[in-house]
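Raw contents of target-v5.cif, mmCIF, C-alpha atoms (C1' of nucleotides) and all ligand atoms:
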data_start
loop_
_atom_site.label_atom_id
_atom_site.label_comp_id
_atom_site.auth_asym_id
_atom_site.auth_seq_id
_atom_site.Cartn_x
_atom_site.Cartn_y
_atom_site.Cartn_z
CA MET A 1 99.42 101.85 124.23
CA LEU A 2 102.32 103.25 126.26
CA LYS A 3 100.12 105.39 128.43
CA PRO A 4 97.02 103.33 129.20
CA LEU A 5 94.05 105.27 130.41
CA PRO A 6 92.23 104.12 133.53
CA LYS A 7 90.78 100.78 132.51
CA ALA A 8 87.03 100.32 132.61
CA ARG A 9 84.78 97.52 131.49
CA SER A 10 83.78 98.06 127.90
CA SER A 11 80.10 97.60 128.67
CA ASP A 12 80.25 100.34 131.32
CA LEU A 13 82.09 102.58 128.89
CA LEU A 14 79.34 102.16 126.32
CA ARG A 15 76.49 102.63 128.79
CA ALA A 16 78.04 105.82 130.15
CA ARG A 17 78.47 107.38 126.71
CA LEU A 18 74.97 106.43 125.60
CA ARG A 19 73.56 107.97 128.79
CA GLU A 20 75.51 111.19 128.30
CA HIS A 21 74.10 111.57 124.84
CA GLY A 22 70.57 110.44 125.54
CA LEU A 23 70.87 107.43 123.26
CA LYS A 24 69.40 103.98 123.74
CA LEU A 25 71.22 100.83 124.73
CA THR A 26 70.28 98.20 122.21
CA HIS A 27 71.52 94.64 122.16
CA GLN A 28 73.01 95.33 118.73
CA ARG A 29 75.13 98.20 120.04
CA GLU A 30 76.08 96.18 123.08
CA LEU A 31 77.39 93.26 121.04
CA ILE A 32 79.15 95.36 118.41
CA ALA A 33 80.89 97.55 120.98
CA GLU A 34 81.80 94.58 123.16
CA LEU A 35 83.52 92.81 120.29
CA PHE A 36 85.17 95.95 118.95
CA LEU A 37 86.55 96.99 122.32
CA SER A 38 88.05 93.55 122.92
CA GLN A 39 90.62 93.85 120.16
CA ASP A 40 93.04 96.38 118.58
CA HIS A 41 92.45 97.01 114.88
CA ILE A 42 89.62 95.76 112.72
CA THR A 43 87.70 96.53 109.52
CA VAL A 44 83.94 96.95 109.33
CA GLU A 45 83.75 93.75 107.30
CA GLU A 46 85.73 91.74 109.83
CA LEU A 47 83.79 93.10 112.78
CA TYR A 48 80.54 92.38 110.96
CA HIS A 49 81.56 88.73 110.57
CA GLU A 50 82.50 88.48 114.26
CA VAL A 51 79.15 89.98 115.19
CA ALA A 52 77.36 87.54 112.90
CA LYS A 53 78.78 84.61 114.84
CA ASN A 54 76.78 85.78 117.82
CA ASP A 55 73.77 87.31 116.12
CA PRO A 56 73.42 86.84 112.37
CA SER A 57 70.38 89.08 112.27
CA ILE A 58 72.44 92.22 112.82
CA GLY A 59 73.05 94.19 109.63
CA ILE A 60 76.40 95.59 108.51
CA ILE A 61 74.74 99.01 108.42
CA THR A 62 74.42 98.93 112.17
CA VAL A 63 78.09 98.04 112.46
CA TYR A 64 78.91 101.12 110.37
CA ARG A 65 76.65 103.27 112.53
CA THR A 66 77.98 101.98 115.83
CA LEU A 67 81.60 102.47 114.79
CA LYS A 68 80.74 106.01 113.80
CA LEU A 69 79.41 106.63 117.29
CA LEU A 70 82.52 105.12 118.89
CA CYS A 71 84.63 107.44 116.73
CA GLN A 72 82.64 110.47 117.87
CA TRP A 73 83.30 109.46 121.46
CA ASP A 74 87.03 108.90 120.86
CA LEU A 75 86.80 105.20 121.61
CA ALA A 76 87.70 104.42 118.00
CA GLN A 77 89.66 106.11 115.22
CA GLU A 78 89.48 105.60 111.48
CA ARG A 79 92.75 104.65 109.80
CA HIS A 80 93.54 104.26 106.12
CA PHE A 81 96.52 101.97 105.73
CA GLY A 82 97.38 100.68 102.28
CA LYS A 83 94.68 101.44 99.76
CA GLY A 84 92.11 98.95 100.98
CA LYS A 85 89.33 99.42 103.44
CA THR A 86 89.15 101.59 106.51
CA ILE A 87 90.66 100.08 109.66
CA TYR A 88 89.16 101.06 113.00
CA ASP A 89 91.66 101.49 115.80
CA ASN A 90 90.40 100.73 119.29
CA VAL A 91 91.73 103.70 121.27
CA ALA A 92 89.49 103.33 124.31
CA TRP A 93 92.48 102.63 126.54
CA LYS A 94 95.30 104.03 124.45
CA SER A 95 96.71 107.51 123.95
CA HIS A 96 98.17 108.85 120.70
CA HIS A 97 100.41 106.50 118.80
CA ASP A 98 101.63 105.80 115.27
CA HIS A 99 102.05 102.56 113.34
CA LEU A 100 104.43 100.17 111.64
CA ILE A 101 102.50 98.20 109.00
CA CYS A 102 103.82 94.99 107.45
CA THR A 103 102.90 95.06 103.77
CA LYS A 104 103.30 91.29 103.54
CA CYS A 105 101.25 89.87 106.42
CA GLY A 106 99.25 92.91 107.48
CA ARG A 107 100.64 92.95 111.00
CA ILE A 108 100.28 96.29 112.76
CA ILE A 109 102.73 97.43 115.44
CA GLU A 110 102.02 100.51 117.52
CA PHE A 111 104.65 102.95 118.74
CA SER A 112 105.08 106.47 119.99
CA ASN A 113 108.28 108.45 119.83
CA PHE A 114 108.72 111.77 121.53
CA GLN A 115 111.71 112.79 119.45
CA ILE A 116 109.81 112.47 116.20
CA GLU A 117 106.93 114.51 117.54
CA LYS A 118 109.42 117.14 118.70
CA PHE A 119 110.96 117.49 115.26
CA GLN A 120 107.51 117.61 113.69
CA GLU A 121 106.83 120.70 115.80
CA GLN A 122 110.15 122.17 114.76
CA VAL A 123 109.38 121.68 111.09
CA ALA A 124 105.96 123.22 111.56
CA GLY A 125 107.52 126.20 113.31
CA GLU A 126 109.91 126.77 110.41
CA HIS A 127 106.91 127.03 108.13
CA GLU A 128 104.80 129.10 110.55
CA PHE A 129 102.32 126.26 110.68
CA ARG A 130 100.31 125.09 113.69
CA ILE A 131 99.80 121.30 113.80
CA THR A 132 96.48 120.01 115.15
CA PHE A 133 97.02 116.32 114.34
CA HIS A 134 99.26 114.11 112.28
CA LYS A 135 99.62 110.72 110.66
CA LEU A 136 102.84 108.75 110.58
CA GLU A 137 102.78 105.34 108.97
CA LEU A 138 105.90 103.24 108.43
CA TYR A 139 105.39 100.48 105.88
CA GLY A 140 107.69 97.53 105.33
CA MET A 141 108.35 94.03 106.59
CA CYS A 142 108.03 92.68 110.09
CA LYS A 143 110.79 90.40 111.33
CA THR A 144 108.86 87.21 110.65
CA CYS A 145 108.13 88.12 107.05
CA ASP A 146 111.60 89.50 106.40
CA THR A 147 113.36 86.29 107.43
CA HIS A 148 111.10 84.33 105.12
CA VAL A 149 111.93 86.32 101.99
CA GLY A 150 112.83 84.02 99.11
CA LYS A 151 111.68 81.01 101.11
CA ARG A 152 108.13 79.80 101.26
CA PRO A 153 105.69 82.36 102.61
CA PRO A 154 105.22 82.50 106.38
CA ARG A 155 102.16 81.03 108.03
CA ALA A 156 99.72 83.47 109.49
CA HIS A 157 101.19 85.09 112.55
CA GLY A 158 98.97 87.66 114.14
CA HIS A 159 97.33 89.84 111.50
CA THR A 160 95.13 91.12 114.27
CA ALA A 161 98.04 92.85 116.05
CA MET B 1 111.96 119.61 96.44
CA LEU B 2 115.26 119.98 98.27
CA LYS B 3 117.17 117.72 95.93
CA PRO B 4 115.91 118.60 92.44
CA LEU B 5 116.66 116.01 89.82
CA PRO B 6 118.26 117.13 86.56
CA LYS B 7 115.55 119.21 84.95
CA ALA B 8 114.18 118.11 81.61
CA ARG B 9 111.35 119.36 79.46
CA SER B 10 108.16 117.59 80.43
CA SER B 11 107.40 116.70 76.82
CA ASP B 12 110.79 115.01 76.44
CA LEU B 13 110.24 113.16 79.72
CA LEU B 14 106.95 111.79 78.44
CA ARG B 15 108.29 110.83 75.00
CA ALA B 16 111.23 109.00 76.53
CA ARG B 17 109.04 106.94 78.88
CA LEU B 18 106.54 106.10 76.16
CA ARG B 19 109.40 104.98 73.90
CA GLU B 20 110.92 102.79 76.62
CA HIS B 21 107.62 101.03 77.10
CA GLY B 22 106.56 100.77 73.49
CA LEU B 23 103.54 102.98 73.99
CA LYS B 24 102.10 105.54 71.64
CA LEU B 25 102.31 109.30 71.91
CA THR B 26 98.79 110.62 71.59
CA HIS B 27 97.78 114.23 71.72
CA GLN B 28 95.64 113.38 74.75
CA ARG B 29 98.61 112.05 76.71
CA GLU B 30 100.72 114.96 75.60
CA LEU B 31 98.26 117.55 76.86
CA ILE B 32 97.44 115.77 80.12
CA ALA B 33 101.10 115.16 80.99
CA GLU B 34 102.10 118.68 79.99
CA LEU B 35 99.51 120.23 82.32
CA PHE B 36 100.16 117.79 85.14
CA LEU B 37 103.93 118.28 85.06
CA SER B 38 103.57 122.06 85.16
CA GLN B 39 102.19 122.13 88.70
CA ASP B 40 102.67 120.49 92.11
CA HIS B 41 99.55 118.78 93.49
CA ILE B 42 96.26 118.20 91.72
CA THR B 43 93.20 115.94 91.76
CA VAL B 44 91.92 114.02 88.75
CA GLU B 45 88.86 116.25 88.70
CA GLU B 46 90.90 119.45 88.71
CA LEU B 47 93.30 118.21 86.06
CA TYR B 48 90.36 117.10 83.94
CA HIS B 49 88.95 120.62 84.03
CA GLU B 50 92.32 122.12 83.09
CA VAL B 51 92.56 119.69 80.20
CA ALA B 52 89.05 120.55 79.08
CA LYS B 53 90.03 124.20 78.66
CA ASN B 54 92.37 123.11 75.88
CA ASP B 55 90.51 120.12 74.51
CA PRO B 56 86.99 119.47 75.81
CA SER B 57 86.77 116.24 73.84
CA ILE B 58 89.18 114.43 76.16
CA GLY B 59 87.41 112.19 78.65
CA ILE B 60 88.14 111.99 82.37
CA ILE B 61 88.87 108.29 81.89
CA THR B 62 91.93 109.17 79.88
CA VAL B 63 93.07 111.50 82.64
CA TYR B 64 92.78 108.60 85.10
CA ARG B 65 94.70 106.33 82.76
CA THR B 66 97.46 108.81 82.02
CA LEU B 67 98.00 109.59 85.70
CA LYS B 68 98.26 105.86 86.37
CA LEU B 69 101.05 105.64 83.79
CA LEU B 70 102.86 108.63 85.29
CA CYS B 71 102.65 106.90 88.69
CA GLN B 72 104.15 103.72 87.28
CA TRP B 73 107.04 105.77 85.93
CA ASP B 74 107.56 107.63 89.22
CA LEU B 75 106.67 110.98 87.71
CA ALA B 76 103.57 111.11 89.93
CA GLN B 77 102.53 109.73 93.31
CA GLU B 78 99.07 109.16 94.72
CA ARG B 79 98.36 110.89 98.04
CA HIS B 80 95.32 110.60 100.26
CA PHE B 81 95.07 113.72 102.39
CA GLY B 82 91.87 114.26 104.32
CA LYS B 83 89.13 111.87 103.35
CA GLY B 84 88.27 113.30 99.98
CA LYS B 85 89.66 112.46 96.60
CA THR B 86 93.12 111.29 95.65
CA ILE B 87 95.70 114.01 95.13
CA TYR B 88 98.46 113.41 92.59
CA ASP B 89 101.86 114.74 93.55
CA ASN B 90 104.12 115.78 90.68
CA VAL B 91 107.43 114.22 91.68
CA ALA B 92 109.14 114.39 88.30
CA TRP B 93 111.77 116.77 89.62
CA LYS B 94 111.48 116.16 93.34
CA SER B 95 112.92 113.57 95.67
CA HIS B 96 111.16 112.17 98.75
CA HIS B 97 109.36 114.66 100.92
CA ASP B 98 106.47 114.86 103.38
CA HIS B 99 103.65 117.39 103.77
CA LEU B 100 102.04 120.00 105.96
CA ILE B 101 98.36 120.27 105.02
CA CYS B 102 96.19 123.21 106.02
CA THR B 103 92.77 121.84 106.93
CA LYS B 104 91.19 125.23 106.38
CA CYS B 105 92.36 126.39 102.96
CA GLY B 106 93.84 123.19 101.58
CA ARG B 107 97.32 124.63 101.15
CA ILE B 108 100.05 122.00 100.91
CA ILE B 109 103.61 122.69 102.07
CA GLU B 110 106.40 120.23 101.32
CA PHE B 111 109.29 119.47 103.63
CA SER B 112 111.91 116.89 104.34
CA ASN B 113 113.64 116.41 107.66
CA PHE B 114 116.59 114.11 108.10
CA GLN B 115 116.22 113.90 111.88
CA ILE B 116 112.69 112.58 111.65
CA GLU B 117 113.69 109.95 109.12
CA LYS B 118 116.59 108.95 111.36
CA PHE B 119 114.31 108.37 114.34
CA GLN B 120 111.87 106.47 112.16
CA GLU B 121 114.69 104.05 111.41
CA GLN B 122 115.50 103.84 115.09
CA VAL B 123 111.91 102.99 115.99
CA ALA B 124 111.80 100.37 113.24
CA GLY B 125 115.01 98.85 114.55
CA GLU B 126 113.60 98.55 118.05
CA HIS B 127 110.73 96.53 116.60
CA GLU B 128 112.94 94.49 114.23
CA PHE B 129 111.07 96.01 111.33
CA ARG B 130 112.48 97.01 107.93
CA ILE B 131 110.87 100.15 106.47
CA THR B 132 110.38 100.29 102.71
CA PHE B 133 108.40 103.53 102.58
CA HIS B 134 106.48 105.84 104.86
CA LYS B 135 103.85 108.54 105.04
CA LEU B 136 104.08 111.54 107.33
CA GLU B 137 101.32 114.10 107.13
CA LEU B 138 101.04 117.07 109.48
CA TYR B 139 97.59 118.63 109.49
CA GLY B 140 96.69 122.01 110.94
CA MET B 141 96.56 125.66 110.01
CA CYS B 142 98.89 127.63 107.80
CA LYS B 143 99.95 131.07 108.99
CA THR B 144 97.44 132.90 106.83
CA CYS B 145 94.49 130.88 108.08
CA ASP B 146 95.64 130.91 111.69
CA THR B 147 95.78 134.70 111.87
CA HIS B 148 92.27 134.89 110.48
CA VAL B 149 90.70 132.66 113.14
CA GLY B 150 87.60 134.32 114.58
CA LYS B 151 87.71 136.97 111.90
CA ARG B 152 86.16 136.60 108.48
CA PRO B 153 87.56 133.73 106.47
CA PRO B 154 90.67 134.44 104.40
CA ARG B 155 90.48 134.88 100.67
CA ALA B 156 91.96 132.14 98.56
CA HIS B 157 95.73 132.17 98.87
CA GLY B 158 97.44 129.42 96.94
CA HIS B 159 95.55 126.17 97.31
CA THR B 160 97.73 124.89 94.52
CA ALA B 161 100.85 124.94 96.70
"C1'" DT C 1 51.49 98.81 130.28
"C1'" DC C 2 51.42 102.83 127.28
"C1'" DT C 3 53.59 105.95 124.24
"C1'" DG C 4 56.65 108.68 121.54
"C1'" DA C 5 61.18 108.99 120.07
"C1'" DA C 6 65.25 106.45 118.84
"C1'" DT C 7 66.93 102.55 116.27
"C1'" DT C 8 67.12 99.00 112.96
"C1'" DG C 9 67.62 96.44 108.39
"C1'" DA C 10 66.74 96.53 103.57
"C1'" DA C 11 67.08 98.82 99.65
"C1'" DA C 12 68.11 102.72 97.10
"C1'" DC C 13 71.51 105.99 96.45
"C1'" DG C 14 76.29 108.22 95.88
"C1'" DA C 15 81.22 109.08 95.07
"C1'" DA C 16 85.24 107.65 93.13
"C1'" DC C 17 87.16 104.90 90.55
"C1'" DT C 18 87.68 100.51 87.05
"C1'" DT C 19 86.42 97.47 83.34
"C1'" DT C 20 84.49 96.55 78.89
"C1'" DC C 21 84.10 97.33 74.13
"C1'" DA C 22 83.52 99.07 69.51
"C1'" DG C 23 85.38 102.63 66.86
"C1'" DT C 24 89.77 105.53 66.06
"C1'" DA C 25 94.56 107.02 66.00
"C1'" DT C 26 99.33 105.76 65.85
"C1'" DG C 27 103.94 103.85 64.43
"C1'" DT C 28 105.88 100.59 61.55
"C1'" DT C 29 106.66 97.98 57.54
"C1'" DG C 30 106.87 97.58 52.70
"C1'" DC D 1 102.81 106.96 50.70
"C1'" DA D 2 99.75 102.99 51.71
"C1'" DA D 3 98.37 99.27 54.46
"C1'" DC D 4 98.23 97.03 58.64
"C1'" DA D 5 98.49 95.35 63.36
"C1'" DT D 6 97.80 97.36 67.72
"C1'" DA D 7 97.46 100.48 71.07
"C1'" DC D 8 94.35 104.02 72.56
"C1'" DT D 9 90.08 106.45 73.39
"C1'" DG D 10 85.42 107.79 75.23
"C1'" DA D 11 80.97 106.20 76.75
"C1'" DA D 12 78.62 103.28 79.37
"C1'" DA D 13 78.25 99.77 82.51
"C1'" DG D 14 80.15 97.77 86.60
"C1'" DT D 15 82.64 97.82 91.43
"C1'" DT D 16 83.57 98.97 95.93
"C1'" DC D 17 82.83 101.12 100.02
"C1'" DG D 18 80.02 103.74 102.44
"C1'" DT D 19 75.61 106.87 103.29
"C1'" DT D 20 70.70 108.07 103.07
"C1'" DT D 21 65.91 106.94 103.23
"C1'" DC D 22 62.03 104.86 105.28
"C1'" DA D 23 58.64 101.67 107.21
"C1'" DA D 24 58.64 98.57 110.99
"C1'" DT D 25 60.47 97.62 115.56
"C1'" DT D 26 62.48 98.40 120.04
"C1'" DC D 27 63.53 101.01 123.95
"C1'" DA D 28 63.03 104.04 128.15
"C1'" DG D 29 60.55 106.27 131.21
"C1'" DA D 30 55.87 107.78 132.76
MN MN A 201 96.65 101.56 116.72
MN MN A 202 104.35 116.95 97.38
ZN ZN A 203 104.67 90.53 108.43
ZN ZN A 204 95.50 127.71 105.15
#
Show me the file's structure as structure tokens.
Amino acid sequence: MLKPLPKARSSDLLRARLREHGLKLTHQRELIAELFLSQDHITVEELYHEVAKNDPSIGIITVYRTLKLLCQWDLAQERHFGKGKTIYDNVAWKSHHDHLICTKCGRIIEFSNFQIEKFQEQVAGEHEFRITFHKLELYGMCKTCDTHVGKRPPRAHGHTA
Amino acid sequence: MLKPLPKARSSDLLRARLREHGLKLTHQRELIAELFLSQDHITVEELYHEVAKNDPSIGIITVYRTLKLLCQWDLAQERHFGKGKTIYDNVAWKSHHDHLICTKCGRIIEFSNFQIEKFQEQVAGEHEFRITFHKLELYGMCKTCDTHVGKRPPRAHGHTA
DNA sequence: TCTGAATTGAAACGAACTTTCAGTATGTTG
DNA sequence: CAACATACTGAAAGTTCGTTTCAATTCAGA
């Protein structure tokens, strides 16, 4: 997010990776990847419904399989916010970041903070531990939801952050 | 961990909570809570096996149900490290803390760091977000595992951190 | 166009819970 | 202590989310 990688067309990105791994370019993979790479965070279920709008013959199994491939190629990352279903983070053009998650409307805000990461390393050092990756999730209320507390619930405002 | 609450016998803790909520003290609940509150982190499966050593007639369903009660009373907290099963954190005598998780041996180290929490608040402020709770998990290798890299795998050394 | 390997969708399967329900244990009242 | 209203329990069935299996189809490259 704060350090965008060199932008490439999503279709080229897919083709390149498939080539590298000797895999086939199918219209299913093309559509699924295209839709996934055009947004930020999405569940398998949601992506499946988007896909169905264009081609209802595609099965949700293929959505699962394609997302798994994208994860292997570091174009996507699995996230487990709340206790619900897995959210796939489109990281094709983003570097490492953490998240603020609104527990009321589901909005997801990305951030990265060098100071926090620095202190994480310090803590690890104190325990003679070597960090390879981490998860930091801050849950609470976004501004919109917070100002509506006690009043009527806010209208939808960007769950797809 | 760093700010231990006034220590009480686990059996008294259970009785008190059951009383407060008009629930019954059964020998199943007594045994399950006793064993759970005598350790730090455990899965339902593991706790079930411990319980079975004392009373094989107790079903795993009752372990699930009792842990759910302990969670409601803030004596336990669900954690989802890795992608496997839920780990229950005994927080009866601990205040908020985060974790270092060794991906090789499963060891769990607890810590709390005021600086990190401070910067979390700062980040939230920048995004006009109000944090209600958070999860910080640092994954990697503990000292023991790290020094054994490339050599033969280390013997078990305290998975039950 | 031919051909063999990769891919797909449906259905079966699996893991980790959760719900249902009839029989049992508990605490309370008399 | 006895009787009773309920809460509790264990087994089995049911959910949810995701994975495996497999016959039919599609793709890529010769
Ligand atoms: Mn993200
Ligand atoms: Mn802990
Ligand atoms: Zn919100
Ligand atoms: Zn270790």
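The interatomic distance for the pair atom C1' of DC22 of chain D and atom CA of Val44 of chain A works out to 23.6 Å.
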**OP:** Could you list the residues in chain B lying within 8 Å of chain C, using all atoms listed in the file, and format the result as number ranges by chain?
**Re:** B: 24-26, 85
Written file, previous selection with C-alpha atoms, as a PDB file, in the coordinates of the input:
ATOM      1  CA  LYS B  24     102.100 105.540  71.640  1.00  0.00           C
ATOM      2  CA  LEU B  25     102.310 109.300  71.910  1.00  0.00           C
ATOM      3  CA  THR B  26      98.790 110.620  71.590  1.00  0.00           C
ATOM      4  CA  LYS B  85      89.660 112.460  96.600  1.00  0.00           C
TER       5      LYS B  85
END
**OP:** Taking all atoms listed in the file into account, report as a PyMOL selection string which residues of chain D lie within 8 Å of chain A.
**Re:** chain D and resi 17+27-28
Pull out every residue of chain B sitting within 7 Å of chain A, counting only C-alpha atoms, and send them as a short mmCIF file (atom, residue, chain, number, x, y, z; two decimals) with C-alpha atoms, keeping the file's coordinate frame.
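Below is the file out_37.cif, written as the result:
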data_model
loop_
_atom_site.label_atom_id
_atom_site.label_comp_id
_atom_site.auth_asym_id
_atom_site.auth_seq_id
_atom_site.Cartn_x
_atom_site.Cartn_y
_atom_site.Cartn_z
CA ILE B 116 112.69 112.58 111.65
CA PHE B 119 114.31 108.37 114.34
CA GLU B 128 112.94 94.49 114.23
CA PHE B 129 111.07 96.01 111.33
CA ARG B 130 112.48 97.01 107.93
CA ILE B 131 110.87 100.15 106.47
CA THR B 132 110.38 100.29 102.71
CA PHE B 133 108.40 103.53 102.58
CA HIS B 134 106.48 105.84 104.86
CA LYS B 135 103.85 108.54 105.04
CA LEU B 136 104.08 111.54 107.33
CA GLU B 137 101.32 114.10 107.13
CA LEU B 138 101.04 117.07 109.48
CA TYR B 139 97.59 118.63 109.49
CA GLY B 140 96.69 122.01 110.94
CA MET B 141 96.56 125.66 110.01
CA CYS B 142 98.89 127.63 107.80
CA LYS B 143 99.95 131.07 108.99
#
**OP:** Could you please extract the residues within 7 Å of ligand MN 202 (chain A), counting all atoms listed in the file, and hand them back as a PyMOL selection string?
**Re:** chain B and resi 40-41+89-90+97-99+110
Subject >> Point-to-point distance from atom CA of Cys71 of chain B to atom CA of Ser10 of chain B, Å rounded to tenths >> reply: 14.6 Å
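Distance-wise, atom CA of Gly82 of chain A and atom CA of Arg79 of chain B end up 11.1 Å apart.
Taking only C-alpha atoms and all ligand atoms into account, ligand ZN 204 (chain A) lies nearest to B:Cys105 out of the set B:Cys105, B:Ala52, B:Val149, B:Leu37.
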**OP:** Determine, counting only C-alpha atoms (C1' of nucleotides), which protein, DNA and RNA residues have an atom within 12 Å of an atom of Ser38 of chain B; residues of the same chain fewer than 2 positions away are not included. Present the result as a PyMOL selection string.
**Re:** chain B and resi 8-11+31-36+40-42+47+50+75-76+89-93+160
